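S.K.: TSV, C-alpha atoms and all ligand atoms, file target.tsv:
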chain	number	residue	atom	x	y	z
A	1	MET	CA	73.00	-43.69	117.19
A	2	ARG	CA	70.77	-45.44	114.70
A	3	THR	CA	67.13	-45.34	115.66
A	4	SER	CA	63.61	-45.12	114.31
A	5	TYR	CA	60.31	-43.43	115.02
A	6	SER	CA	58.90	-46.55	116.64
A	7	ALA	CA	61.96	-46.94	118.91
A	8	LEU	CA	61.77	-43.31	120.04
A	9	GLU	CA	58.03	-43.62	120.59
A	10	THR	CA	58.54	-46.81	122.61
A	11	PHE	CA	61.08	-44.99	124.78
A	12	ARG	CA	58.64	-42.11	125.34
A	13	GLN	CA	55.91	-44.57	126.22
A	14	CYS	CA	58.04	-46.65	128.60
A	15	PRO	CA	61.86	-46.73	129.03
A	16	GLN	CA	61.71	-50.31	130.35
A	17	LYS	CA	59.91	-51.49	127.21
A	18	TYR	CA	62.56	-49.73	125.12
A	19	LYS	CA	65.25	-51.62	127.02
A	20	PHE	CA	63.57	-55.00	126.47
A	21	GLN	CA	62.98	-54.29	122.79
A	22	GLN	CA	65.92	-52.20	121.58
A	23	ILE	CA	68.79	-53.06	123.94
A	24	GLU	CA	68.11	-56.61	125.05
A	25	LYS	CA	66.46	-57.42	121.70
A	26	ILE	CA	63.87	-59.68	123.31
A	27	LYS	CA	61.36	-60.80	120.72
A	28	THR	CA	57.71	-61.19	121.66
A	29	PRO	CA	55.03	-62.90	119.58
A	30	LYS	CA	52.95	-60.45	117.54
A	31	SER	CA	49.38	-60.04	118.74
A	32	LYS	CA	46.53	-61.05	116.42
A	33	GLU	CA	45.54	-57.37	116.12
A	34	ALA	CA	49.10	-56.47	115.07
A	35	ILE	CA	49.18	-59.28	112.48
A	36	PHE	CA	45.80	-58.15	111.16
A	37	GLY	CA	47.14	-54.59	110.86
A	38	THR	CA	50.24	-55.76	108.98
A	39	LEU	CA	48.15	-57.74	106.48
A	40	VAL	CA	45.69	-54.88	105.94
A	41	HIS	CA	48.71	-52.64	105.22
A	42	SER	CA	49.95	-55.25	102.77
A	43	GLY	CA	46.51	-55.34	101.09
A	44	LEU	CA	46.51	-51.56	100.73
A	45	ARG	CA	49.98	-51.60	99.22
A	46	TYR	CA	48.83	-54.22	96.74
A	47	LEU	CA	45.73	-52.12	95.92
A	48	PHE	CA	47.92	-49.27	94.66
A	49	SER	CA	50.51	-51.44	92.91
A	50	ARG	CA	50.26	-51.28	89.14
A	51	ASP	CA	51.45	-54.19	87.07
A	52	PRO	CA	50.68	-52.75	84.52
A	53	LEU	CA	47.01	-52.34	85.57
A	54	TYR	CA	45.75	-51.74	89.07
A	55	PRO	CA	44.31	-54.86	90.69
A	56	SER	CA	40.53	-55.22	90.71
A	57	LEU	CA	38.62	-55.23	93.98
A	58	ASP	CA	38.25	-59.03	93.75
A	59	GLU	CA	42.00	-59.40	93.36
A	60	VAL	CA	42.62	-57.20	96.40
A	61	ILE	CA	40.16	-59.25	98.47
A	62	ALA	CA	41.72	-62.51	97.25
A	63	HIS	CA	45.21	-61.17	98.07
A	64	PHE	CA	44.17	-60.35	101.63
A	65	GLY	CA	42.30	-63.65	102.04
A	66	ALA	CA	45.31	-65.68	100.88
A	67	SER	CA	47.76	-63.94	103.21
A	68	TRP	CA	45.34	-64.13	106.16
A	69	SER	CA	44.73	-67.86	105.66
A	70	SER	CA	48.42	-68.68	105.43
A	71	VAL	CA	49.62	-66.72	108.46
A	72	GLU	CA	50.40	-68.51	111.75
A	73	ILE	CA	48.71	-66.84	114.72
A	74	ALA	CA	49.09	-68.03	118.29
A	75	GLU	CA	46.04	-68.30	120.49
A	76	ILE	CA	43.33	-67.54	117.98
A	77	THR	CA	40.07	-69.45	117.64
A	78	GLU	CA	38.51	-70.36	114.30
A	79	GLU	CA	35.65	-67.93	115.02
A	80	GLU	CA	38.10	-65.08	115.65
A	81	LYS	CA	40.07	-65.91	112.52
A	82	THR	CA	36.89	-65.82	110.42
A	83	ALA	CA	35.76	-62.58	112.09
A	84	TYR	CA	39.11	-60.91	111.31
A	85	LEU	CA	38.91	-62.15	107.70
A	86	THR	CA	35.39	-60.74	107.27
A	87	GLN	CA	36.43	-57.45	108.86
A	88	GLY	CA	39.52	-57.16	106.64
A	89	GLU	CA	37.53	-57.88	103.48
A	90	SER	CA	34.84	-55.40	104.48
A	91	LEU	CA	37.23	-52.55	105.19
A	92	LEU	CA	39.17	-53.18	101.97
A	93	ARG	CA	35.87	-53.11	100.01
A	94	ARG	CA	34.86	-49.81	101.60
A	95	PHE	CA	38.35	-48.38	101.08
A	96	TYR	CA	38.34	-49.41	97.41
A	97	ALA	CA	34.92	-47.81	96.84
A	98	LYS	CA	36.15	-44.50	98.23
A	99	ASN	CA	39.72	-44.68	96.89
A	100	GLN	CA	39.78	-46.12	93.40
A	101	PRO	CA	43.51	-46.39	92.77
A	102	TRP	CA	43.49	-44.86	89.28
A	103	ASN	CA	42.24	-41.57	90.80
A	104	PHE	CA	45.47	-41.06	92.74
A	105	ASN	CA	48.96	-40.13	91.73
A	106	VAL	CA	50.95	-42.38	94.04
A	107	LEU	CA	54.70	-41.66	94.09
A	108	ASP	CA	55.85	-44.36	96.45
A	109	LEU	CA	54.55	-47.14	98.66
A	110	GLU	CA	56.13	-48.34	101.89
A	111	SER	CA	58.78	-45.76	101.27
A	112	ARG	CA	61.88	-46.33	103.37
A	113	PHE	CA	63.78	-43.30	104.63
A	114	GLU	CA	66.94	-42.61	106.55
A	115	ILE	CA	67.74	-39.15	107.75
A	116	ILE	CA	70.96	-38.02	109.30
A	117	VAL	CA	70.54	-35.55	112.13
A	118	GLU	CA	73.56	-33.85	113.62
A	119	ASP	CA	73.55	-32.95	117.28
A	120	PRO	CA	75.23	-29.51	117.35
A	121	LYS	CA	75.96	-29.91	121.07
A	122	THR	CA	77.98	-33.10	120.74
A	123	GLY	CA	78.86	-33.09	117.05
A	124	THR	CA	77.44	-36.63	116.84
A	125	MET	CA	75.56	-37.83	113.80
A	126	HIS	CA	72.39	-39.85	114.32
A	127	THR	CA	70.48	-41.90	111.76
A	128	LEU	CA	66.74	-41.96	111.92
A	129	ALA	CA	65.09	-44.65	109.84
A	130	GLY	CA	61.47	-45.39	109.06
A	131	ILE	CA	58.87	-46.38	106.51
A	132	MET	CA	56.13	-44.13	105.15
A	133	ASP	CA	53.07	-46.11	104.00
A	134	ARG	CA	52.33	-43.94	100.97
A	135	ILE	CA	53.47	-40.73	99.29
A	136	ASP	CA	51.09	-39.05	96.82
A	137	LYS	CA	51.49	-36.07	94.53
A	138	PRO	CA	47.89	-34.85	94.10
A	139	ASP	CA	48.95	-32.00	91.78
A	140	ASP	CA	52.08	-30.25	90.55
A	141	ALA	CA	52.50	-28.17	93.67
A	142	HIS	CA	51.44	-30.55	96.43
A	143	TYR	CA	52.63	-33.71	98.13
A	144	GLU	CA	50.88	-35.86	100.70
A	145	ILE	CA	52.22	-38.47	103.11
A	146	ILE	CA	49.59	-41.00	104.18
A	147	ASP	CA	49.95	-43.37	107.08
A	148	TYR	CA	47.33	-46.11	107.47
A	149	LYS	CA	45.96	-46.88	110.91
A	150	THR	CA	43.99	-49.97	111.82
A	151	SER	CA	43.23	-48.78	115.34
A	152	ARG	CA	39.64	-48.00	116.24
A	153	LYS	CA	40.39	-44.82	118.16
A	154	MET	CA	40.84	-41.75	115.96
A	155	LYS	CA	43.07	-38.90	117.08
A	156	SER	CA	41.60	-35.46	117.67
A	157	GLN	CA	42.66	-32.71	115.25
A	158	ASP	CA	44.72	-31.11	118.06
A	159	ALA	CA	46.59	-34.37	118.64
A	160	LEU	CA	47.11	-34.75	114.90
A	161	ASP	CA	48.55	-31.23	114.63
A	162	THR	CA	51.32	-32.19	117.07
A	163	ASP	CA	51.64	-35.89	116.18
A	164	PHE	CA	55.30	-36.89	116.47
A	165	GLN	CA	55.21	-39.57	113.79
A	166	LEU	CA	53.79	-37.20	111.16
A	167	SER	CA	56.24	-34.47	112.20
A	168	LEU	CA	59.05	-36.93	111.64
A	169	TYR	CA	57.74	-37.92	108.21
A	170	HIS	CA	57.54	-34.24	107.31
A	171	LEU	CA	61.17	-33.83	108.35
A	172	ALA	CA	62.15	-36.94	106.36
A	173	LEU	CA	60.50	-35.85	103.11
A	174	ILE	CA	61.83	-32.28	103.34
A	175	LYS	CA	65.32	-33.76	103.79
A	176	ARG	CA	64.83	-36.19	100.91
A	177	TRP	CA	63.45	-33.58	98.53
A	178	PRO	CA	64.63	-30.15	99.73
A	179	HIS	CA	62.91	-28.43	96.79
A	180	ILE	CA	59.48	-29.19	98.31
A	181	ASN	CA	57.75	-26.22	99.87
A	182	PRO	CA	57.19	-27.41	103.48
A	183	ASN	CA	53.79	-25.71	103.50
A	184	ALA	CA	52.69	-27.64	100.40
A	185	LEU	CA	53.15	-30.98	102.09
A	186	SER	CA	50.08	-32.53	103.71
A	187	LEU	CA	50.30	-35.23	106.35
A	188	SER	CA	47.43	-37.66	106.77
A	189	LEU	CA	46.40	-40.53	108.96
A	190	TYR	CA	43.93	-42.84	107.22
A	191	TYR	CA	41.79	-44.77	109.72
A	192	VAL	CA	40.77	-47.74	107.60
A	193	LYS	CA	38.28	-49.14	110.11
A	194	HIS	CA	36.30	-45.89	109.77
A	195	ASN	CA	37.32	-45.15	106.17
A	196	GLU	CA	38.24	-41.64	107.32
A	197	LYS	CA	41.30	-39.57	106.52
A	198	LEU	CA	42.50	-36.86	108.88
A	199	THR	CA	44.96	-34.32	107.51
A	200	THR	CA	47.35	-31.78	108.95
A	201	THR	CA	50.43	-29.76	107.94
A	202	ARG	CA	53.66	-28.56	109.51
A	203	THR	CA	55.61	-25.32	109.22
A	204	ILE	CA	59.37	-25.18	108.87
A	205	VAL	CA	59.55	-23.91	112.48
A	206	GLN	CA	57.67	-27.01	113.65
A	207	THR	CA	60.03	-29.20	111.63
A	208	GLU	CA	62.98	-27.62	113.43
A	209	GLU	CA	61.24	-28.26	116.76
A	210	THR	CA	60.78	-31.91	115.77
A	211	LYS	CA	64.51	-32.16	115.12
A	212	GLN	CA	65.26	-30.69	118.54
A	213	HIS	CA	62.79	-33.08	120.12
A	214	VAL	CA	64.44	-36.05	118.40
A	215	LEU	CA	67.85	-34.93	119.64
A	216	GLU	CA	66.60	-34.42	123.21
A	217	THR	CA	65.11	-37.93	123.22
A	218	ILE	CA	68.31	-39.45	121.83
A	219	ARG	CA	70.41	-37.64	124.46
A	220	ASP	CA	68.07	-38.93	127.16
A	221	ILE	CA	68.41	-42.49	125.82
A	222	GLU	CA	72.22	-42.18	125.74
A	223	ILE	CA	72.34	-40.92	129.34
A	224	ARG	CA	70.05	-43.72	130.49
A	225	THR	CA	72.06	-46.30	128.57
A	226	PHE	CA	75.20	-45.11	130.32
A	227	SER	CA	73.59	-45.47	133.76
A	228	ASN	CA	71.40	-48.46	132.79
A	229	ASP	CA	68.39	-46.56	134.05
A	230	PHE	CA	65.23	-47.60	132.18
A	231	PRO	CA	62.39	-47.52	134.70
A	232	PRO	CA	59.04	-49.14	133.87
A	233	GLN	CA	56.28	-46.62	133.25
A	234	PRO	CA	53.01	-48.46	133.85
A	235	SER	CA	50.04	-47.14	131.88
A	236	ALA	CA	46.86	-48.32	130.18
A	237	LEU	CA	49.11	-49.47	127.31
A	238	CYS	CA	50.63	-52.23	129.48
A	239	ASP	CA	47.71	-54.51	128.53
A	240	TRP	CA	49.09	-54.56	124.97
A	241	CYS	CA	52.74	-54.91	125.98
A	242	GLY	CA	54.33	-58.25	125.17
A	243	TYR	CA	56.83	-57.83	128.02
A	244	LYS	CA	54.25	-57.59	130.81
A	245	ALA	CA	55.09	-60.98	132.32
A	246	MET	CA	58.79	-60.10	132.64
A	247	CYS	CA	58.31	-56.43	133.52
A	248	PRO	CA	59.37	-55.46	137.07
A	249	ALA	CA	56.14	-53.47	137.42
A	250	TRP	CA	53.92	-56.51	136.74
A	251	LYS	CA	56.07	-59.64	137.18
A	252	PHE	CA	54.76	-60.30	140.69
A	253	LEU	CA	51.32	-61.13	139.31
A	254	PHE	CA	52.82	-63.66	136.92
A	255	LEU	CA	54.93	-65.62	139.40
A	256	LYS	CA	53.56	-69.15	139.16
A	257	SER	CA	52.20	-70.82	142.31
A	258	GLU	CA	54.76	-73.64	142.05
A	259	THR	CA	57.56	-71.08	142.30
A	260	ARG	CA	56.10	-69.78	145.52
A	261	ASN	CA	58.62	-70.16	148.28
A	262	LEU	CA	58.96	-68.91	151.78
A	263	LYS	CA	59.86	-65.45	150.57
A	264	ARG	CA	56.76	-65.26	148.44
A	265	GLU	CA	54.55	-66.43	151.33
A	266	ASN	CA	56.21	-63.87	153.57
A	267	ILE	CA	55.69	-61.02	151.17
A	268	GLU	CA	52.00	-61.83	150.92
A	269	HIS	CA	51.65	-61.50	154.72
A	270	ILE	CA	53.78	-58.38	154.75
A	271	THR	CA	51.72	-56.81	151.97
A	272	LYS	CA	48.49	-57.69	153.76
A	273	GLU	CA	49.71	-56.11	156.99
A	274	PHE	CA	51.04	-53.08	155.10
A	275	PHE	CA	47.64	-52.37	153.58
A	276	ALA	CA	45.82	-53.00	156.87
A	277	LEU	CA	48.07	-50.45	158.62
A	278	LYS	CA	47.82	-48.03	155.73
A	279	LYS	CA	44.03	-48.22	155.88
A	280	ASN	CA	44.13	-47.80	159.65
A	281	ASN	CA	46.39	-44.81	159.21
A	282	GLN	CA	43.94	-43.18	156.81
A	283	GLU	CA	41.04	-43.80	159.17
A	284	THR	CA	43.05	-42.51	162.15
A	285	THR	CA	44.03	-39.33	160.29
A	286	LYS	CA	40.40	-38.72	159.33
A	287	ARG	CA	39.12	-39.35	162.86
A	288	LEU	CA	41.85	-37.14	164.41
A	289	ALA	CA	40.75	-34.25	162.16
A	290	GLU	CA	37.12	-34.73	163.25
A	291	LEU	CA	38.09	-34.83	166.94
A	292	GLN	CA	40.24	-31.70	166.55
A	293	THR	CA	37.28	-29.83	165.08
A	294	ASP	CA	35.08	-30.81	168.05
A	295	ILE	CA	37.79	-29.94	170.59
A	296	LYS	CA	38.41	-26.52	169.01
A	297	ALA	CA	34.67	-25.82	168.94
A	298	TYR	CA	34.38	-26.72	172.65
A	299	MET	CA	37.35	-24.50	173.59
A	300	ASP	CA	35.84	-21.59	171.64
A	301	GLN	CA	32.48	-22.12	173.30
A	302	GLU	CA	33.96	-22.18	176.82
A	303	GLY	CA	36.66	-19.58	176.14
A	304	ILE	CA	39.45	-21.93	177.28
A	305	THR	CA	42.81	-22.84	175.77
A	306	ARG	CA	43.59	-26.10	177.62
A	307	ILE	CA	41.71	-29.31	178.31
A	308	PHE	CA	42.95	-31.90	180.76
A	309	GLY	CA	42.12	-35.48	179.97
A	310	GLU	CA	43.12	-38.94	181.13
A	311	GLY	CA	45.73	-39.26	178.44
A	312	GLY	CA	47.28	-35.78	178.81
A	313	VAL	CA	46.70	-32.12	178.11
A	314	ILE	CA	45.48	-30.56	174.87
A	315	SER	CA	46.60	-26.96	174.43
A	316	LYS	CA	45.49	-24.40	171.88
A	317	THR	CA	48.14	-21.95	170.82
A	318	VAL	CA	48.07	-19.32	168.14
A	319	GLN	CA	50.80	-19.54	165.58
A	320	GLU	CA	51.54	-16.73	163.18
A	321	ARG	CA	53.08	-16.92	159.75
A	322	TYR	CA	54.50	-13.80	158.20
A	323	SER	CA	54.97	-12.61	154.69
A	324	TYR	CA	57.63	-10.02	153.97
A	325	ASP	CA	57.79	-7.06	151.63
A	326	TYR	CA	61.12	-7.87	150.00
A	327	GLU	CA	61.29	-4.58	148.13
A	328	LYS	CA	61.27	-2.68	151.42
A	329	ILE	CA	63.72	-5.09	153.02
A	330	ARG	CA	66.13	-4.71	150.12
A	331	SER	CA	65.95	-0.91	150.33
A	332	ALA	CA	66.51	-1.02	154.08
A	333	LEU	CA	69.52	-3.35	153.73
A	334	GLU	CA	70.92	-1.18	150.98
A	335	ALA	CA	70.50	1.93	153.12
A	336	HIS	CA	72.45	0.22	155.90
A	337	ASN	CA	75.08	-1.05	153.51
A	338	ARG	CA	74.17	-4.66	154.36
A	339	LEU	CA	73.59	-6.13	150.91
A	340	ASP	CA	75.58	-9.16	152.10
A	341	VAL	CA	72.40	-10.17	154.00
A	342	TRP	CA	70.38	-9.71	150.83
A	343	ASN	CA	72.77	-11.90	148.84
A	344	ALA	CA	72.63	-14.58	151.51
A	345	LEU	CA	68.83	-14.52	151.20
A	346	LEU	CA	69.02	-15.28	147.50
A	347	THR	CA	70.12	-18.84	148.06
A	348	PRO	CA	69.40	-21.03	144.99
A	349	ASP	CA	66.33	-23.13	145.60
A	350	ASP	CA	65.90	-26.47	143.76
A	351	LYS	CA	62.17	-26.61	144.44
A	352	LYS	CA	61.56	-23.15	143.00
A	353	LEU	CA	63.72	-23.96	139.98
A	354	LYS	CA	61.71	-27.13	139.32
A	355	THR	CA	58.46	-25.15	139.41
A	356	MET	CA	59.85	-22.52	137.05
A	357	LEU	CA	61.42	-24.98	134.60
A	358	PRO	CA	58.32	-25.66	132.45
A	359	THR	CA	57.87	-21.89	131.97
A	360	LEU	CA	61.38	-21.36	130.53
A	361	PRO	CA	61.73	-21.04	126.75
A	362	SER	CA	63.99	-23.23	124.60
A	363	PRO	CA	67.04	-23.42	124.52
A	364	LEU	CA	67.30	-21.97	128.05
A	365	LYS	CA	65.30	-24.88	129.42
A	366	GLU	CA	67.67	-27.42	127.82
A	367	GLN	CA	70.70	-25.53	129.17
A	368	VAL	CA	69.26	-25.64	132.69
A	369	LEU	CA	68.48	-29.37	132.28
A	370	GLU	CA	72.01	-30.04	131.11
A	371	ALA	CA	73.34	-28.35	134.22
A	372	ARG	CA	71.61	-30.82	136.52
A	373	SER	CA	73.02	-34.06	137.80
A	374	ILE	CA	71.63	-36.72	140.09
A	375	ALA	CA	72.73	-35.81	143.63
A	376	LYS	CA	70.95	-38.66	145.33
A	377	LYS	CA	68.86	-41.55	144.18
A	378	PHE	CA	66.35	-43.25	146.44
A	379	GLU	CA	63.50	-45.65	146.10
A	380	VAL	CA	59.98	-44.73	147.12
A	381	LEU	CA	57.14	-47.13	147.80
A	382	SER	CA	53.70	-45.87	146.89
A	383	ALA	CA	50.53	-47.82	147.56
A	384	THR	CA	47.07	-47.74	146.06
A	385	ILE	CA	44.44	-49.18	148.33
A	386	LYS	CA	42.29	-51.56	146.33
A	387	LYS	CA	38.61	-51.20	147.00
A	388	ALA	CA	37.49	-54.32	145.13
A	389	SER	CA	38.58	-57.93	145.68
A	390	ASN	CA	42.13	-58.97	146.58
A	391	PRO	CA	44.09	-60.11	143.46
A	392	PHE	CA	45.98	-62.71	145.54
A	393	SER	CA	42.94	-64.42	146.98
A	401	LIG	S1	54.26	-53.77	130.85
A	401	LIG	FE1	54.00	-51.57	130.91
A	401	LIG	S2	55.55	-50.85	132.35
A	401	LIG	FE2	56.14	-52.92	131.74
A	401	LIG	S3	57.52	-52.71	130.01
A	401	LIG	FE3	55.48	-52.94	129.16
A	401	LIG	S4	54.73	-50.85	128.89
A	401	LIG	FE4	56.47	-50.75	130.30
Let me see the file written as structure tokens.
M.R.:
Amino acid sequence: MRTSYSALETFRQCPQKYKFQQIEKIKTPKSKEAIFGTLVHSGLRYLFSRDPLYPSLDEVIAHFGASWSSVEIAEITEEEKTAYLTQGESLLRRFYAKNQPWNFNVLDLESRFEIIVEDPKTGTMHTLAGIMDRIDKPDDAHYEIIDYKTSRKMKSQDALDTDFQLSLYHLALIKRWPHINPNALSLSLYYVKHNEKLTTTRTIVQTEETKQHVLETIRDIEIRTFSNDFPPQPSALCDWCGYKAMCPAWKFLFLKSETRNLKRENIEHITKEFFALKKNNQETTKRLAELQTDIKAYMDQEGITRIFGEGGVISKTVQERYSYDYEKIRSALEAHNRLDVWNALLTPDDKKLKTMLPTLPSPLKEQVLEARSIAKKFEVLSATIKKASNPFS
């Protein structure tokens, strides 16, 4: 399989989005924020390009301004376009002041890579492609991969230390230049809106784990491709997803009123009744619990176990649950030569296995996962009762 960091990340974020993007190849218009990010990246590449001299700050600003003015952006107002231009110029100015290009030994810009990873379980070769924004060699012994981010939110150091994208870049550079000491390679995310660089490293053990993680994700994609099983995974990121209007998890909200037919009208009534009953159910359950408490208190007070009412009889019974000392039971069964009973007790239990799974070490966990197959597939409806206004009204 040929894939990339962004494709694997998309799959991890939402299998349905992966299907739209990577399998069905449905193109969506780029958002203004994404276009802004691309042009800032282009400005930063230009800033470090030497021909034969590095560009001056004015040239960098002019380069960004020219590309921003010429780009076509859907649904953007003149005010927004000017605000983005001002923001881009400002962050490039601040970046330039802190990162004068002649102070850095830049080895490569927008460096394309392709790594071949072999899956030892299947013998299949996979190609992983990507682009690293910048590779520096600060001194003879060290290398640094820098990825620019135009997002406002900065990752925590903990998140950075396990960041999949940086782990992948580490793997790519070690494969490209095997002579590099993995510990002498720094990995940085440069948040240009804050003019802040966050740095981390990876060990060779972590690099191996990244490889395993890549292979697990690829195997998962292959299995899902075979069964065409790419469920939507709604999250806060859906608001930035270009497929929202066609996504099964959101499409209902986008159905236009002129396409409303009898079915649509019906489903609105059904949904309304569903929520009314669901709410009733919740209130009934709550009230039943309150009544039970009062009834039990009355029975205790009067020392009685039954109450006769118009609707029937309420009885109080004592139920006991036991726990067993399995060590003693095993010894007793052994003493009576009845280990067949013991073996029958040790019936495999799917629920227990599922609970234990996260605690198992690799590769045992993967072996257990490989031994599972879908026995039954069913659809479940879950409902969230909306407290605020009705979206359909
Ligand atoms: S809208 Fe959300 S759930 Fe639907 S494809 Fe996009 S990310 Fe996935």
S.K.: Find the nearest atom pair between each residue of chain A and ligand LIG 401 (chain A) for residues within 12 Å, count all atoms listed in the file, give distances in Å to one decimal, sort rows by chain and ascending number, and present the table as a tab-separated table.
M.R.:
residue	atom	partner	partner_atom	distance
A:Glu9	CA	A:LIG401	S4	11.5
A:Thr10	CA	A:LIG401	S4	8.4
A:Phe11	CA	A:LIG401	FE4	9.2
A:Arg12	CA	A:LIG401	FE4	10.2
A:Gln13	CA	A:LIG401	S4	6.9
A:Cys14	CA	A:LIG401	FE4	4.7
A:Pro15	CA	A:LIG401	FE4	6.8
A:Gln16	CA	A:LIG401	S3	4.8
A:Lys17	CA	A:LIG401	S3	3.9
A:Tyr18	CA	A:LIG401	S3	7.6
A:Lys19	CA	A:LIG401	S3	8.4
A:Phe20	CA	A:LIG401	S3	7.4
A:Gln21	CA	A:LIG401	S3	9.2
A:Gln22	CA	A:LIG401	S3	11.9
A:Ile26	CA	A:LIG401	S3	11.6
A:Thr28	CA	A:LIG401	FE3	11.4
A:Phe230	CA	A:LIG401	FE4	9.5
A:Pro231	CA	A:LIG401	S2	8.0
A:Pro232	CA	A:LIG401	S2	4.2
A:Gln233	CA	A:LIG401	S2	4.4
A:Pro234	CA	A:LIG401	S2	3.8
A:Ser235	CA	A:LIG401	FE1	6.0
A:Ala236	CA	A:LIG401	FE1	7.9
A:Leu237	CA	A:LIG401	S4	6.0
A:Cys238	CA	A:LIG401	FE1	3.7
A:Asp239	CA	A:LIG401	S1	7.0
A:Trp240	CA	A:LIG401	S4	7.8
A:Cys241	CA	A:LIG401	FE3	4.6
A:Gly242	CA	A:LIG401	FE3	6.7
A:Tyr243	CA	A:LIG401	FE3	5.2
A:Lys244	CA	A:LIG401	S1	3.8
A:Ala245	CA	A:LIG401	S1	7.4
A:Met246	CA	A:LIG401	FE2	7.7
A:Cys247	CA	A:LIG401	FE2	4.5
A:Pro248	CA	A:LIG401	FE2	6.7
A:Ala249	CA	A:LIG401	FE2	5.7
A:Trp250	CA	A:LIG401	S1	6.5
A:Lys251	CA	A:LIG401	FE2	8.6
A:Phe252	CA	A:LIG401	FE2	11.7
A:Leu253	CA	A:LIG401	S1	11.6
A:Phe254	CA	A:LIG401	S1	11.7
S.K.: When you draw a straight line from CA of Thr3 in chain A to CA of Leu128 in chain A, how long is it in Å?
M.R.: 5.1 Å
S.K.: Neighbours of range 186-196 of chain A within 6 Å (all atoms listed in the file; same-chain residues fewer than 2 positions away dropped), as a PyMOL selection string?
M.R.: chain A and resi 144-150+198-201
S.K.: Compile the contact shell of range 158-173 of chain A as a PyMOL selection string: residues with an atom at most 10 Å away, counting all atoms listed in the file, same-chain residues fewer than 2 positions apart removed.
M.R.: chain A and resi 4-6+8-9+112-116+128-132+135+143-147+154-156+175-178+180+182+185-189+198-204+206-211+213-214
S.K.: With all atoms listed in the file as the atoms that count, which of A:Ser56, A:Glu216, A:Ser42, A:Thr271 lies nearest to Leu369 in chain A?
M.R.: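 Closest to Leu369 in chain A of all the choices is A:Glu216.
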